[in-house]
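For reference, data27.cif (mmCIF, C-alpha atoms):
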data_final
#
loop_
_atom_site.label_atom_id
_atom_site.label_comp_id
_atom_site.auth_asym_id
_atom_site.auth_seq_id
_atom_site.Cartn_x
_atom_site.Cartn_y
_atom_site.Cartn_z
CA MET A 1 -18.87 26.73 28.36
CA ILE A 2 -22.09 24.85 27.68
CA HIS A 3 -25.03 25.92 29.80
CA ARG A 4 -26.58 23.09 31.78
CA ALA A 5 -29.98 23.47 30.06
CA TRP A 6 -28.31 23.11 26.63
CA GLU A 7 -26.30 20.13 27.87
CA GLU A 8 -29.48 18.35 28.99
CA SER A 9 -31.25 19.15 25.74
CA LEU A 10 -28.49 17.37 23.79
CA ASP A 11 -29.81 14.05 25.14
CA PHE A 12 -32.97 14.49 23.08
CA MET A 13 -31.41 15.53 19.81
CA SER A 14 -31.45 13.29 16.77
CA LEU A 15 -28.11 12.40 15.24
CA GLU A 16 -27.65 11.49 11.58
CA VAL A 17 -24.51 10.89 9.54
CA ILE A 18 -25.02 11.41 5.83
CA LYS A 19 -22.76 11.00 2.83
CA VAL A 20 -22.21 14.23 0.93
CA GLU A 21 -21.17 14.28 -2.71
CA SER A 22 -20.07 17.89 -3.09
CA PRO A 23 -18.67 20.73 -0.97
CA THR A 24 -21.68 22.25 0.75
CA ASP A 25 -21.82 25.28 3.03
CA GLU A 26 -21.85 22.84 5.98
CA VAL A 27 -18.67 21.19 4.74
CA ARG A 28 -16.98 24.57 4.28
CA LEU A 29 -18.00 25.61 7.80
CA LEU A 30 -16.76 22.39 9.42
CA ILE A 31 -13.47 22.21 7.50
CA GLY A 32 -12.88 25.91 8.20
CA GLU A 33 -13.31 25.34 11.93
CA LEU A 34 -11.04 22.29 11.82
CA ASP A 35 -8.36 24.24 9.94
CA THR A 36 -8.53 27.06 12.50
CA GLU A 37 -7.95 24.55 15.31
CA LEU A 38 -5.05 22.84 13.55
CA ASN A 39 -3.41 26.06 12.36
CA ALA A 40 -2.97 27.09 15.99
CA ASN A 41 -0.71 24.09 16.71
CA TYR A 42 1.03 23.06 13.50
CA SER A 43 3.08 24.67 10.75
CA ALA A 44 1.80 24.40 7.19
CA GLU A 45 4.44 21.74 6.48
CA GLN A 46 3.05 19.58 9.32
CA ARG A 47 -0.61 19.73 8.27
CA HIS A 48 -1.67 16.90 5.98
CA GLY A 49 -5.43 17.36 5.70
CA PHE A 50 -7.04 17.35 2.29
CA ASN A 51 -8.46 20.65 1.09
CA ILE A 52 -12.15 20.78 0.26
CA SER A 53 -11.78 20.18 -3.46
CA ARG A 54 -9.61 17.11 -2.85
CA LEU A 55 -12.21 15.67 -0.46
CA PHE A 56 -14.66 15.33 -3.33
CA GLN A 57 -12.49 13.41 -5.77
CA PRO A 58 -12.94 9.77 -6.75
CA GLY A 59 -11.75 7.35 -4.09
CA ILE A 60 -12.96 9.43 -1.16
CA SER A 61 -16.20 9.14 0.77
CA PHE A 62 -17.10 12.12 2.93
CA PHE A 63 -19.79 12.42 5.59
CA VAL A 64 -21.43 15.16 7.67
CA ALA A 65 -23.00 14.51 11.05
CA ARG A 66 -26.04 16.57 12.01
CA MET A 67 -27.77 16.90 15.34
CA ASP A 68 -31.35 18.06 14.86
CA GLY A 69 -30.32 19.32 11.44
CA ASN A 70 -27.36 21.34 12.73
CA PRO A 71 -23.85 20.54 11.41
CA ALA A 72 -22.08 18.78 14.27
CA GLY A 73 -19.06 17.16 12.66
CA CYS A 74 -17.57 15.51 9.63
CA GLY A 75 -15.14 12.90 8.45
CA GLY A 76 -14.01 11.08 5.38
CA VAL A 77 -12.25 7.96 4.30
CA ALA A 78 -9.78 7.94 1.41
CA PHE A 79 -9.08 4.77 -0.53
CA ALA A 80 -5.66 4.78 -2.20
CA ASP A 81 -2.61 2.54 -2.47
CA GLY A 82 -4.42 -0.33 -0.77
CA LEU A 83 -5.24 1.79 2.29
CA ALA A 84 -8.43 3.09 3.84
CA GLU A 85 -7.43 6.30 5.65
CA VAL A 86 -9.54 8.51 7.91
CA LYS A 87 -9.36 12.11 6.68
CA ARG A 88 -10.63 15.41 8.10
CA MET A 89 -12.47 13.99 11.10
CA TYR A 90 -13.84 16.81 13.25
CA VAL A 91 -16.57 17.45 15.81
CA ARG A 92 -17.60 20.97 16.74
CA PRO A 93 -16.77 21.75 20.39
CA ILE A 94 -20.41 22.19 21.43
CA PHE A 95 -21.16 18.63 20.28
CA ARG A 96 -18.12 16.91 21.78
CA GLY A 97 -19.08 14.25 24.31
CA CYS A 98 -22.41 13.61 22.53
CA ASN A 99 -21.35 10.47 20.58
CA VAL A 100 -20.95 12.40 17.34
CA ALA A 101 -17.36 11.23 16.85
CA GLN A 102 -18.37 7.61 17.52
CA ALA A 103 -21.17 7.86 14.97
CA ILE A 104 -18.90 9.36 12.30
CA LEU A 105 -16.16 6.80 12.91
CA ALA A 106 -18.65 3.92 12.82
CA ARG A 107 -19.87 5.17 9.45
CA LEU A 108 -16.29 5.46 8.14
CA GLU A 109 -15.56 1.90 9.30
CA GLN A 110 -18.72 0.69 7.58
CA GLU A 111 -17.69 2.44 4.37
CA ALA A 112 -14.20 0.89 4.51
CA ARG A 113 -15.64 -2.60 5.06
CA SER A 114 -18.08 -2.13 2.18
CA GLN A 115 -15.10 -1.34 -0.08
CA GLY A 116 -13.37 -4.56 1.01
CA PHE A 117 -10.87 -3.11 3.49
CA ASN A 118 -10.12 -4.81 6.80
CA ARG A 119 -7.76 -2.15 8.15
CA LEU A 120 -8.39 1.55 8.77
CA VAL A 121 -5.45 3.92 9.28
CA LEU A 122 -5.10 7.55 10.28
CA GLU A 123 -2.59 10.29 10.97
CA THR A 124 -3.13 12.87 13.68
CA GLY A 125 -0.91 15.40 15.40
CA ASP A 126 0.85 15.09 18.72
CA ALA A 127 -1.07 18.09 20.13
CA GLN A 128 -4.40 16.31 19.56
CA ALA A 129 -4.37 14.47 22.92
CA ALA A 130 -8.17 14.14 23.13
CA ALA A 131 -8.32 12.75 19.59
CA MET A 132 -5.61 10.21 20.34
CA ARG A 133 -7.44 9.07 23.48
CA PHE A 134 -10.67 8.79 21.50
CA TYR A 135 -9.09 6.68 18.75
CA GLN A 136 -7.47 4.38 21.30
CA ARG A 137 -10.83 3.91 23.07
CA GLN A 138 -12.28 2.97 19.67
CA GLY A 139 -9.73 0.18 19.20
CA PHE A 140 -6.98 1.96 17.28
CA THR A 141 -3.35 1.24 18.11
CA ARG A 142 -0.20 3.15 17.20
CA CYS A 143 1.55 2.00 14.05
CA GLU A 144 4.41 2.86 11.74
CA THR A 145 4.14 5.49 9.03
CA PHE A 146 2.21 4.35 5.98
CA GLY A 147 1.43 5.40 2.44
CA GLU A 148 2.48 8.87 1.33
CA TYR A 149 3.64 9.78 4.86
CA ALA A 150 6.48 7.25 4.60
CA LYS A 151 7.83 9.22 1.61
CA MET A 152 7.72 12.63 3.32
CA PRO A 153 10.74 14.41 4.81
CA ALA A 154 11.13 13.76 8.54
CA ALA A 155 10.39 17.43 9.36
CA SER A 156 6.95 17.07 7.76
CA ILE A 157 5.91 14.20 10.01
CA VAL A 158 7.90 14.88 13.19
CA ARG A 159 4.64 15.81 14.97
CA SER A 160 2.54 13.09 13.31
CA VAL A 161 1.16 10.13 15.22
CA PHE A 162 -0.05 7.13 13.21
CA PHE A 163 -2.82 4.71 14.16
CA GLU A 164 -4.49 1.62 12.71
CA LYS A 165 -7.50 -0.50 13.49
CA ARG A 166 -8.31 -3.96 12.20
CA LEU A 167 -11.88 -4.16 10.95
CA ASP A 168 -12.17 -7.95 11.08
CA GLY A 169 -15.35 -9.37 12.52
#
As structure tokens:
Amino acid sequence: MIHRAWEESLDFMSLEVIKVESPTDEVRLLIGELDTELNANYSAEQRHGFNISRLFQPGISFFVARMDGNPAGCGGVAFADGLAEVKRMYVRPIFRGCNVAQAILARLEQEARSQGFNRLVLETGDAQAAAMRFYQRQGFTRCETFGEYAKMPAASIVRSVFFEKRLDG
């Protein structure tokens, strides 16, 4: 539980979202926390997140959000097969509700537009109710499977939920 004094101090914190080019200690910390959360709800076969080394390959832009210099969240966008896909989006629990997710997603959308994409897609799990509500509030709608997911066995994506957002305008 967040103490009220800490909650109030969050209003005065500075938020920055920066592109990172290599796996830093912050990235390892954030991805480790995300993996711990996801491992509690999904079998290995049902987890489709990129590992750290794959996040820093060509065709992927990855970002870390910091509040007053502290790692608050992360997210990436992968460009492959004509798709711009959100990958490894995460906000640490202490920073949830502080617009960190909105800032990361806005940066991912900006990156996709700058690469010439007008559609952003993502896959999340059915246990991620808060994430699904967040994406829907940000203009995402459910869609059919896409890309590599469409080639996977049904058991691998039975708990997957797919979303898209048009980036026009």
Subject >> Residue list as a list in words for point (-5.7, -1.4, 16.6), cut-off 6 Å, only C-alpha atoms >> reply: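 Residues satisfying the cut-off, written out: Gly139, Phe140, Thr141, Glu164, Lys165 and Arg166 of chain A.
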Selection from above, C-alpha atoms, as a JSON list (two decimals), in the frame of the given file, can you write it?
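Result saved to part-v5.json:
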[["chain", "number", "residue", "atom", "x", "y", "z"],
["A", 139, "GLY", "CA", -9.73, 0.18, 19.20],
["A", 140, "PHE", "CA", -6.98, 1.96, 17.28],
["A", 141, "THR", "CA", -3.35, 1.24, 18.11],
["A", 164, "GLU", "CA", -4.49, 1.62, 12.71],
["A", 165, "LYS", "CA", -7.50, -0.50, 13.49],
["A", 166, "ARG", "CA", -8.31, -3.96, 12.20]]
**OP:** List the residues selected by the PyMOL selection byres ((chain A and resi 84) around 12) in the file shown, writing them as a ChimeraX atom specification.
**Re:** /A:59-61,76-83,85-87,108-123,146-147,163-167
**OP:** Would you mind reading off the distance between CA of Ala106 (chain A) and CA of Met89 (chain A), one decimal, in Å?
**Re:** 11.9 Å
**OP:** Name the residues in contact with Arg66 (chain A) at a cut-off of 12 Å, using only C-alpha atoms, excluding same-chain residues fewer than 4 positions from it; report them as number ranges by chain.
**Re:** A: 13-20, 26-27, 30, 70-74, 91-92, 95, 98-101, 103-104
Just-selected residues, C-alpha atoms written as an mmCIF file, in the frame of the given file:
data_model
loop_
_atom_site.group_PDB
_atom_site.id
_atom_site.type_symbol
_atom_site.label_atom_id
_atom_site.label_comp_id
_atom_site.auth_asym_id
_atom_site.auth_seq_id
_atom_site.Cartn_x
_atom_site.Cartn_y
_atom_site.Cartn_z
ATOM 1 C CA MET A 13 -31.410 15.530 19.810
ATOM 2 C CA SER A 14 -31.450 13.290 16.770
ATOM 3 C CA LEU A 15 -28.110 12.400 15.240
ATOM 4 C CA GLU A 16 -27.650 11.490 11.580
ATOM 5 C CA VAL A 17 -24.510 10.890 9.540
ATOM 6 C CA ILE A 18 -25.020 11.410 5.830
ATOM 7 C CA LYS A 19 -22.760 11.000 2.830
ATOM 8 C CA VAL A 20 -22.210 14.230 0.930
ATOM 9 C CA GLU A 26 -21.850 22.840 5.980
ATOM 10 C CA VAL A 27 -18.670 21.190 4.740
ATOM 11 C CA LEU A 30 -16.760 22.390 9.420
ATOM 12 C CA ASN A 70 -27.360 21.340 12.730
ATOM 13 C CA PRO A 71 -23.850 20.540 11.410
ATOM 14 C CA ALA A 72 -22.080 18.780 14.270
ATOM 15 C CA GLY A 73 -19.060 17.160 12.660
ATOM 16 C CA CYS A 74 -17.570 15.510 9.630
ATOM 17 C CA VAL A 91 -16.570 17.450 15.810
ATOM 18 C CA ARG A 92 -17.600 20.970 16.740
ATOM 19 C CA PHE A 95 -21.160 18.630 20.280
ATOM 20 C CA CYS A 98 -22.410 13.610 22.530
ATOM 21 C CA ASN A 99 -21.350 10.470 20.580
ATOM 22 C CA VAL A 100 -20.950 12.400 17.340
ATOM 23 C CA ALA A 101 -17.360 11.230 16.850
ATOM 24 C CA ALA A 103 -21.170 7.860 14.970
ATOM 25 C CA ILE A 104 -18.900 9.360 12.300
#
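The interatomic distance for the pair CA of Tyr90 (chain A) and CA of Asp168 (chain A) works out to 24.9 Å.
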Subject >> Distance criterion (all atoms listed in the file): nearest to Arg47 (chain A) out of A:Leu105, A:Leu29, A:Ala127, A:Ala65 >> reply: A:Ala127
Any chance you could resolve the PyMOL selection byres ((chain A and resi 149) around 12) against this file and give the residues as a compact mmCIF listing (two decimals) with C-alpha atoms, in the frame of the given file?
# COMPACT_ATOMS: atom_id res chain seq x y z
CA GLN A 46 3.05 19.58 9.32
CA ARG A 47 -0.61 19.73 8.27
CA HIS A 48 -1.67 16.90 5.98
CA GLY A 49 -5.43 17.36 5.70
CA GLU A 85 -7.43 6.30 5.65
CA VAL A 121 -5.45 3.92 9.28
CA LEU A 122 -5.10 7.55 10.28
CA GLU A 123 -2.59 10.29 10.97
CA THR A 124 -3.13 12.87 13.68
CA GLU A 144 4.41 2.86 11.74
CA THR A 145 4.14 5.49 9.03
CA PHE A 146 2.21 4.35 5.98
CA GLY A 147 1.43 5.40 2.44
CA GLU A 148 2.48 8.87 1.33
CA ALA A 150 6.48 7.25 4.60
CA LYS A 151 7.83 9.22 1.61
CA MET A 152 7.72 12.63 3.32
CA PRO A 153 10.74 14.41 4.81
CA ALA A 154 11.13 13.76 8.54
CA ALA A 155 10.39 17.43 9.36
CA SER A 156 6.95 17.07 7.76
CA ILE A 157 5.91 14.20 10.01
CA VAL A 158 7.90 14.88 13.19
CA ARG A 159 4.64 15.81 14.97
CA SER A 160 2.54 13.09 13.31
CA VAL A 161 1.16 10.13 15.22
CA PHE A 162 -0.05 7.13 13.21
Subject >> Point-to-point distance from CA of Phe56 (chain A) to CA of Ile31 (chain A), Å rounded to tenths >> reply: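 Calculated distance between CA of Phe56 (chain A) and CA of Ile31 (chain A) is 12.9 Å.
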